[in-house]
Amino acid sequence: MTFNSAINDFNDAQRKASFKTILSRITGESTDLLSYDEVLKRFRIQGQTDRGRKDIPLEKIVGSVGRYADFTADFLPRKNASAQRWARVKMATETLEGLPPIEVYKVGQVYFVRDGNHRVSIARMNHQSHIEAFVTEIFIRVPLTPDVDLDELIIKEEYATFLEQTGIDKLIPYSPDFSVTATGAYEKLLEDINVYHYFMNTEQQKAVLDEEAIRAWFRNVYMPVIDIIRERHVLRGFPNRTETDLYIWILEYRDELQETLGWKIDADSVAETMLTKFSYNTKYTLRRFWYWLYNLITPKNLDSGPHTGTWRESHSIRLRKNWDFFHNILVALQPEDRSLAALDQALWIAKRENAHISALHLVDSEEEIDSPAVKQLRDTFENRLQVENIQGDLAVEIGSASRKIVDRAIYTDLVVLKLAHAPGTQAFTKLRSGLRTLIRRCAQPLLVVPGNMHPLSRILLAFDGSPRAKEATYIATYMAKEWDATLYLLTTYRDKTVKEEMKVYFLEAKSYITRHDLFPHAHLREGLTGETILAFAEEKDIDLILMGSYGSDLISEMVWGSSIDYVLQSTKIPLLICR
């Protein structure tokens, strides 16, 4: 055999290796050799012995001591750097002298190459069944067989160690299955428990017993996230995974989001985001494709935004469990809001909802992020939160207000901002309005504050029978009930030809509210919607107006105008727009 023909054989073997590597990415089946050091790191060595010189089956060689990355699982070469050495070994196998035996470690029923990886590669290519080797046997407490799934075996070993170190299966007999599908997961659980234990010691200023900390972690940290996973049916979006897999993913993704956004994010929002962004369930995959296509062909100022009821759907767990609606409030701190009225309004709500404040301030350049003005704003923000005893974070970012607020709003429950520039009543003025774009694209309820903060004790629901007005009814009912506010219901009609139709909607809303043990001051009035709403609000000394968002008929809105735009143009009290 010539050197060139040996090189050609190498190139042929390497092409096969490349093809198998590409195919593995499609099938998900690994083509990698096992690392001897990694296996030994995972399992406890109980001893070793020299077995001497033997013929061993090539098919039982599953790994390598140092060159596991240079070959595929069937020892096809991967790296060009091995070409000349591989070719020389190939040529040597054709001589009468041959090659010396390889050296291997035997672990269970499988072998790891200590010296002689190229010889194994060529022997496999020559379709040999056995190869001569010097064998050193390593003893571990779990069996390794050629068909074993090593990851699965490592996971079982790690699980046994986790139970041994925590005793959680004995401390909490009714605990769920802690099974996982990825190695290293139990180390992360142990770290999570240890961190929680540390903070318990710090908070209580004493050494908390291990058993007490483990029970508290299970009750206060682990199970609340598992409940969210079950309530949201997150496992449906990630088949072949386990609840504990998802628990770890949610916490890791939350840490990543919190570092990126500069905000505290709750596990419920993270679980919802994981489903919509990463699930390979058909429903979510098709939805992501549709949103991508829609956003690609639709100008931002013409986008109709999320479908009606998106906010209520995403908050289904809270609604069923009667939790506070507005657990996390996004407040946009704008340069023109010198009095920080939007922050004051958000703080007023946060005190009643036991909410977290996630503030956002936008600047034009990187230099402004650390400017004295931003530092002063941060100090003012922190001082106001401290006075009110409310938790919160302030993020400073570069970008467009409407885009950044929409992107971040998905992790919050309510958006509050100062009303600086109303969309106006002219068609082209509306199209250029950032506020109008924000109203259309934001799925969360949007509270705009035109002047100073108002205690929200007298609430007006402007109801026109539209699906989005029904969302406003839902929130108005909650506010009136939970905040002990006086609720007014107003439905308007342009003329007597539509009075009966509007009366049906009016009675529908009134019936819904009374079914929740509330008795609103209900009024059906003739007049133009925007003008009538503002006049009624002044007459009744209203503190807050609730309305449904823009309808989906963009052309009609542009031509005939919108009652929302009219109210925004002239209101002196906060307006809550619901989608």
# chains A, B, ... in the order shown; residues from 1 in each chain; ligands from 1
call {"tool": "select_by_dssp", "arguments": {"residues": "stretch 86-156 of chain A", "states": "helix (DSSP H, G or I)", "output": "list in words"}}
result
Trp86, Ala87, Arg88, Val89, Lys90, Met91, Ala92, Asn117, His118, Arg119, Val120, Ser121, Ile122, Ala123, Arg124, Met125, Leu150, Asp151, Glu152, Leu153, Ile154, Ile155 and Lys156 of chain A
call {"tool": "residues_around", "arguments": {"residues": "stretch 56-61 of chain A", "least_positions_apart": "2", "cutoff": "10 Å", "atoms": "only C-alpha atoms", "output": "PyMOL selection string"}}
result
chain A and resi 33-34+53-54+63-64+73-75+104-106+109-113+120-121+123-124+127-135+145-147
call {"tool": "write_last_selection", "arguments": {"atoms": "N, CA and C atoms", "output": "mmCIF file, in the first residue's frame"}}
result
data_model
loop_
_atom_site.group_PDB
_atom_site.id
_atom_site.type_symbol
_atom_site.label_atom_id
_atom_site.label_comp_id
_atom_site.auth_asym_id
_atom_site.auth_seq_id
_atom_site.Cartn_x
_atom_site.Cartn_y
_atom_site.Cartn_z
ATOM 1 N N LEU A 33 -17.781 9.444 20.952
ATOM 2 C CA LEU A 33 -17.167 8.491 21.867
ATOM 3 C C LEU A 33 -17.345 8.971 23.307
ATOM 4 N N LEU A 34 -17.304 8.032 24.240
ATOM 5 C CA LEU A 34 -17.387 8.401 25.645
ATOM 6 C C LEU A 34 -16.006 8.798 26.159
ATOM 7 N N ARG A 53 -2.743 -9.705 28.384
ATOM 8 C CA ARG A 53 -2.913 -9.545 26.933
ATOM 9 C C ARG A 53 -4.057 -10.423 26.450
ATOM 10 N N LYS A 54 -5.046 -9.775 25.769
ATOM 11 C CA LYS A 54 -6.228 -10.518 25.328
ATOM 12 C C LYS A 54 -6.714 -10.004 23.985
ATOM 13 N N GLY A 63 -15.152 4.112 24.098
ATOM 14 C CA GLY A 63 -14.618 5.415 24.483
ATOM 15 C C GLY A 63 -13.112 5.468 24.429
ATOM 16 N N SER A 64 -12.597 6.620 24.819
ATOM 17 C CA SER A 64 -11.160 6.849 24.772
ATOM 18 C C SER A 64 -10.731 7.646 25.994
ATOM 19 N N ALA A 73 -18.250 7.550 17.291
ATOM 20 C CA ALA A 73 -18.482 6.384 18.151
ATOM 21 C C ALA A 73 -17.991 5.089 17.511
ATOM 22 N N ASP A 74 -17.979 5.006 16.164
ATOM 23 C CA ASP A 74 -17.434 3.822 15.493
ATOM 24 C C ASP A 74 -16.018 4.079 14.964
ATOM 25 N N PHE A 75 -15.336 5.055 15.579
ATOM 26 C CA PHE A 75 -13.918 5.352 15.368
ATOM 27 C C PHE A 75 -13.592 5.803 13.944
ATOM 28 N N VAL A 104 -5.970 -0.765 26.813
ATOM 29 C CA VAL A 104 -7.344 -0.363 27.126
ATOM 30 C C VAL A 104 -7.625 -0.499 28.620
ATOM 31 N N TYR A 105 -8.628 0.272 29.049
ATOM 32 C CA TYR A 105 -9.236 0.063 30.364
ATOM 33 C C TYR A 105 -10.569 -0.651 30.140
ATOM 34 N N LYS A 106 -10.807 -1.688 30.913
ATOM 35 C CA LYS A 106 -12.106 -2.364 30.869
ATOM 36 C C LYS A 106 -12.929 -1.873 32.060
ATOM 37 N N GLN A 109 -18.490 -4.135 31.077
ATOM 38 C CA GLN A 109 -18.350 -4.952 29.876
ATOM 39 C C GLN A 109 -17.836 -4.150 28.680
ATOM 40 N N VAL A 110 -17.395 -2.921 28.905
ATOM 41 C CA VAL A 110 -16.956 -2.078 27.794
ATOM 42 C C VAL A 110 -15.508 -1.651 27.999
ATOM 43 N N TYR A 111 -14.915 -1.113 26.907
ATOM 44 C CA TYR A 111 -13.502 -0.773 26.917
ATOM 45 C C TYR A 111 -13.288 0.682 26.493
ATOM 46 N N PHE A 112 -12.227 1.280 27.085
ATOM 47 C CA PHE A 112 -11.807 2.636 26.737
ATOM 48 C C PHE A 112 -10.343 2.570 26.291
ATOM 49 N N VAL A 113 -10.044 3.157 25.132
ATOM 50 C CA VAL A 113 -8.695 3.084 24.574
ATOM 51 C C VAL A 113 -7.758 4.032 25.319
ATOM 52 N N VAL A 120 -7.392 1.160 16.338
ATOM 53 C CA VAL A 120 -8.795 0.757 16.451
ATOM 54 C C VAL A 120 -9.594 1.275 15.263
ATOM 55 N N SER A 121 -9.332 2.516 14.862
ATOM 56 C CA SER A 121 -10.037 3.117 13.737
ATOM 57 C C SER A 121 -9.834 2.297 12.469
ATOM 58 N N ALA A 123 -8.763 -0.858 12.257
ATOM 59 C CA ALA A 123 -9.326 -2.202 12.433
ATOM 60 C C ALA A 123 -10.832 -2.200 12.177
ATOM 61 N N ARG A 124 -11.515 -1.150 12.661
ATOM 62 C CA ARG A 124 -12.956 -1.049 12.403
ATOM 63 C C ARG A 124 -13.228 -0.872 10.909
ATOM 64 N N HIS A 127 -13.104 -3.983 8.983
ATOM 65 C CA HIS A 127 -14.167 -4.934 9.360
ATOM 66 C C HIS A 127 -13.658 -6.090 10.223
ATOM 67 N N GLN A 128 -12.626 -5.807 11.034
ATOM 68 C CA GLN A 128 -12.180 -6.834 11.989
ATOM 69 C C GLN A 128 -13.216 -6.939 13.111
ATOM 70 N N SER A 129 -13.283 -8.104 13.715
ATOM 71 C CA SER A 129 -14.205 -8.296 14.837
ATOM 72 C C SER A 129 -13.499 -8.124 16.176
ATOM 73 N N HIS A 130 -12.168 -8.424 16.235
ATOM 74 C CA HIS A 130 -11.418 -8.362 17.479
ATOM 75 C C HIS A 130 -10.080 -7.659 17.246
ATOM 76 N N ILE A 131 -9.477 -7.230 18.332
ATOM 77 C CA ILE A 131 -8.151 -6.630 18.285
ATOM 78 C C ILE A 131 -7.409 -7.025 19.554
ATOM 79 N N GLU A 132 -6.095 -7.173 19.422
ATOM 80 C CA GLU A 132 -5.280 -7.583 20.563
ATOM 81 C C GLU A 132 -5.007 -6.367 21.453
ATOM 82 N N ALA A 133 -5.119 -6.574 22.801
ATOM 83 C CA ALA A 133 -4.983 -5.433 23.720
ATOM 84 C C ALA A 133 -4.424 -5.874 25.059
ATOM 85 N N PHE A 134 -3.663 -4.956 25.690
ATOM 86 C CA PHE A 134 -3.308 -5.096 27.099
ATOM 87 C C PHE A 134 -4.446 -4.478 27.910
ATOM 88 N N VAL A 135 -5.036 -5.279 28.820
ATOM 89 C CA VAL A 135 -6.274 -4.878 29.500
ATOM 90 C C VAL A 135 -6.020 -4.607 30.979
ATOM 91 N N THR A 145 -22.592 -1.725 30.149
ATOM 92 C CA THR A 145 -22.714 -2.676 29.050
ATOM 93 C C THR A 145 -22.662 -1.909 27.732
ATOM 94 N N PRO A 146 -22.371 -2.596 26.614
ATOM 95 C CA PRO A 146 -22.262 -1.884 25.336
ATOM 96 C C PRO A 146 -23.532 -1.153 24.924
ATOM 97 N N ASP A 147 -24.682 -1.670 25.340
ATOM 98 C CA ASP A 147 -25.941 -1.038 24.928
ATOM 99 C C ASP A 147 -26.482 -0.069 25.976
#
call {"tool": "atom_distance", "arguments": {"atom1": "atom CA of A:Met125", "atom2": "atom CA of A:Asp50"}}
result
28.6 Å
call {"tool": "atom_distance", "arguments": {"atom1": "atom CA of A:Ile226", "atom2": "atom CA of A:Asp393"}}
result
26.2 Å
call {"tool": "residues_around", "arguments": {"residues": "stretch 200-206 of chain A", "least_positions_apart": "4", "cutoff": "12 Å", "atoms": "only C-alpha atoms", "output": "NGL selection string"}}
result
:A and (193-196 or 210 or 212-217 or 220)
call {"tool": "atom_distance", "arguments": {"atom1": "atom CA of A:Pro467", "atom2": "atom CA of A:Val504"}}
result
14.2 Å
call {"tool": "residues_around", "arguments": {"residues": "A:Ala185", "least_positions_apart": "6", "cutoff": "12 Å", "atoms": "only C-alpha atoms", "output": "list in words"}}
result
Asp151, Ile154, Ile155, Lys156, Glu157, Glu158, Tyr159, Thr161, Phe162, Phe178, Ser179, Glu191, Asp192, Thr242, Thr244, Asp245, Leu246, Tyr247, Ile248, Trp249 and Glu252 of chain A
call {"tool": "write_last_selection", "arguments": {"atoms": "C-alpha atoms", "output": "CSV table (one decimal), in the first residue's frame"}}
result
chain,number,residue,atom,x,y,z
A,151,ASP,CA,-26.4,9.5,30.4
A,154,ILE,CA,-25.1,8.8,35.2
A,155,ILE,CA,-28.5,10.4,36.0
A,156,LYS,CA,-29.4,7.4,38.2
A,157,GLU,CA,-26.0,7.6,40.0
A,158,GLU,CA,-26.5,11.4,40.5
A,159,TYR,CA,-30.1,10.8,41.8
A,161,THR,CA,-26.3,10.8,45.5
A,162,PHE,CA,-28.9,13.5,45.7
A,178,PHE,CA,-37.7,14.1,41.0
A,179,SER,CA,-36.6,12.4,37.8
A,191,GLU,CA,-27.1,24.2,44.8
A,192,ASP,CA,-30.6,25.7,44.9
A,242,THR,CA,-40.0,16.0,33.3
A,244,THR,CA,-38.0,18.7,37.5
A,245,ASP,CA,-36.4,19.4,34.1
A,246,LEU,CA,-38.8,22.3,33.6
A,247,TYR,CA,-38.3,23.5,37.2
A,248,ILE,CA,-34.5,23.9,36.5
A,249,TRP,CA,-35.1,25.4,33.1
A,252,GLU,CA,-32.2,29.3,34.8
call {"tool": "decode", "arguments": {"residues": "stretch 190-234 of chain A", "atoms": "N, CA and C atoms", "output": "short mmCIF file (atom, residue, chain, number, x, y, z; two decimals), in the first residue's frame"}}
result
data_model
loop_
_atom_site.label_atom_id
_atom_site.label_comp_id
_atom_site.auth_asym_id
_atom_site.auth_seq_id
_atom_site.Cartn_x
_atom_site.Cartn_y
_atom_site.Cartn_z
N LEU A 190 -29.22 20.66 44.26
CA LEU A 190 -28.48 20.77 45.53
C LEU A 190 -28.02 22.21 45.76
N GLU A 191 -27.53 22.84 44.71
CA GLU A 191 -27.10 24.24 44.82
C GLU A 191 -28.28 25.14 45.19
N ASP A 192 -29.43 24.88 44.59
CA ASP A 192 -30.64 25.65 44.87
C ASP A 192 -31.04 25.51 46.34
N ILE A 193 -30.98 24.29 46.85
CA ILE A 193 -31.31 24.04 48.26
C ILE A 193 -30.30 24.74 49.18
N ASN A 194 -29.02 24.64 48.84
CA ASN A 194 -27.98 25.24 49.68
C ASN A 194 -28.10 26.77 49.72
N VAL A 195 -28.42 27.37 48.59
CA VAL A 195 -28.62 28.83 48.56
C VAL A 195 -29.80 29.22 49.43
N TYR A 196 -30.90 28.47 49.31
CA TYR A 196 -32.08 28.76 50.13
C TYR A 196 -31.75 28.59 51.62
N HIS A 197 -30.99 27.55 51.94
CA HIS A 197 -30.58 27.29 53.32
C HIS A 197 -29.75 28.46 53.85
N TYR A 198 -28.84 28.96 53.02
CA TYR A 198 -27.99 30.09 53.43
C TYR A 198 -28.84 31.31 53.78
N PHE A 199 -29.82 31.63 52.92
CA PHE A 199 -30.64 32.80 53.18
C PHE A 199 -31.56 32.59 54.38
N MET A 200 -31.97 31.35 54.64
CA MET A 200 -32.74 31.08 55.86
C MET A 200 -31.89 31.37 57.10
N ASN A 201 -30.65 30.93 57.06
CA ASN A 201 -29.74 31.20 58.19
C ASN A 201 -29.56 32.69 58.41
N THR A 202 -29.39 33.42 57.27
CA THR A 202 -29.17 34.88 57.36
C THR A 202 -30.41 35.59 57.88
N GLU A 203 -31.58 35.20 57.36
CA GLU A 203 -32.82 35.87 57.76
C GLU A 203 -33.17 35.60 59.21
N GLN A 204 -32.99 34.36 59.65
CA GLN A 204 -33.37 34.00 61.02
C GLN A 204 -32.24 34.23 62.01
N GLN A 205 -31.05 34.57 61.49
CA GLN A 205 -29.88 34.86 62.32
C GLN A 205 -29.56 33.71 63.27
N LYS A 206 -29.67 32.50 62.72
CA LYS A 206 -29.30 31.31 63.47
C LYS A 206 -29.08 30.17 62.47
N ALA A 207 -28.44 29.11 62.94
CA ALA A 207 -28.19 27.96 62.07
C ALA A 207 -29.46 27.11 61.97
N VAL A 208 -30.04 27.09 60.80
CA VAL A 208 -31.24 26.29 60.56
C VAL A 208 -30.82 24.86 60.23
N LEU A 209 -31.48 23.89 60.81
CA LEU A 209 -31.15 22.49 60.55
C LEU A 209 -31.35 22.15 59.08
N ASP A 210 -30.52 21.22 58.57
CA ASP A 210 -30.61 20.82 57.17
C ASP A 210 -32.02 20.33 56.83
N GLU A 211 -32.59 19.50 57.70
CA GLU A 211 -33.90 18.93 57.42
C GLU A 211 -34.97 20.01 57.33
N GLU A 212 -34.88 21.00 58.21
CA GLU A 212 -35.86 22.09 58.21
C GLU A 212 -35.74 22.91 56.92
N ALA A 213 -34.49 23.16 56.49
CA ALA A 213 -34.26 23.94 55.27
C ALA A 213 -34.77 23.20 54.04
N ILE A 214 -34.55 21.89 53.99
CA ILE A 214 -35.00 21.09 52.84
C ILE A 214 -36.52 21.08 52.76
N ARG A 215 -37.18 20.91 53.88
CA ARG A 215 -38.66 20.95 53.88
C ARG A 215 -39.16 22.32 53.43
N ALA A 216 -38.52 23.38 53.94
CA ALA A 216 -38.95 24.74 53.59
C ALA A 216 -38.70 25.01 52.10
N TRP A 217 -37.56 24.56 51.57
CA TRP A 217 -37.27 24.73 50.13
C TRP A 217 -38.33 24.02 49.29
N PHE A 218 -38.65 22.81 49.68
CA PHE A 218 -39.65 22.04 48.93
C PHE A 218 -41.00 22.75 48.94
N ARG A 219 -41.38 23.26 50.11
CA ARG A 219 -42.70 23.87 50.28
C ARG A 219 -42.77 25.26 49.64
N ASN A 220 -41.73 26.06 49.81
CA ASN A 220 -41.80 27.48 49.43
C ASN A 220 -41.17 27.81 48.07
N VAL A 221 -40.31 26.93 47.57
CA VAL A 221 -39.61 27.22 46.32
C VAL A 221 -39.99 26.22 45.23
N TYR A 222 -39.78 24.94 45.52
CA TYR A 222 -39.96 23.92 44.48
C TYR A 222 -41.42 23.75 44.09
N MET A 223 -42.29 23.50 45.06
CA MET A 223 -43.68 23.19 44.74
C MET A 223 -44.46 24.34 44.11
N PRO A 224 -44.23 25.60 44.49
CA PRO A 224 -44.94 26.68 43.78
C PRO A 224 -44.64 26.70 42.28
N VAL A 225 -43.38 26.42 41.91
CA VAL A 225 -43.04 26.37 40.48
C VAL A 225 -43.67 25.15 39.82
N ILE A 226 -43.64 24.02 40.51
CA ILE A 226 -44.27 22.80 39.97
C ILE A 226 -45.77 23.03 39.77
N ASP A 227 -46.41 23.74 40.69
CA ASP A 227 -47.84 24.06 40.54
C ASP A 227 -48.07 24.88 39.28
N ILE A 228 -47.20 25.84 39.01
CA ILE A 228 -47.32 26.65 37.79
C ILE A 228 -47.17 25.78 36.55
N ILE A 229 -46.18 24.88 36.57
CA ILE A 229 -45.96 23.97 35.44
C ILE A 229 -47.21 23.13 35.18
N ARG A 230 -47.84 22.66 36.24
CA ARG A 230 -49.05 21.83 36.08
C ARG A 230 -50.24 22.67 35.63
N GLU A 231 -50.40 23.84 36.24
CA GLU A 231 -51.53 24.69 35.89
C GLU A 231 -51.45 25.14 34.43
N ARG A 232 -50.27 25.43 33.97
CA ARG A 232 -50.10 25.93 32.60
C ARG A 232 -49.90 24.80 31.59
N HIS A 233 -49.87 23.56 32.07
CA HIS A 233 -49.67 22.40 31.20
C HIS A 233 -48.39 22.56 30.37
N VAL A 234 -47.33 23.00 31.04
CA VAL A 234 -46.08 23.27 30.34
C VAL A 234 -45.48 21.99 29.76
#
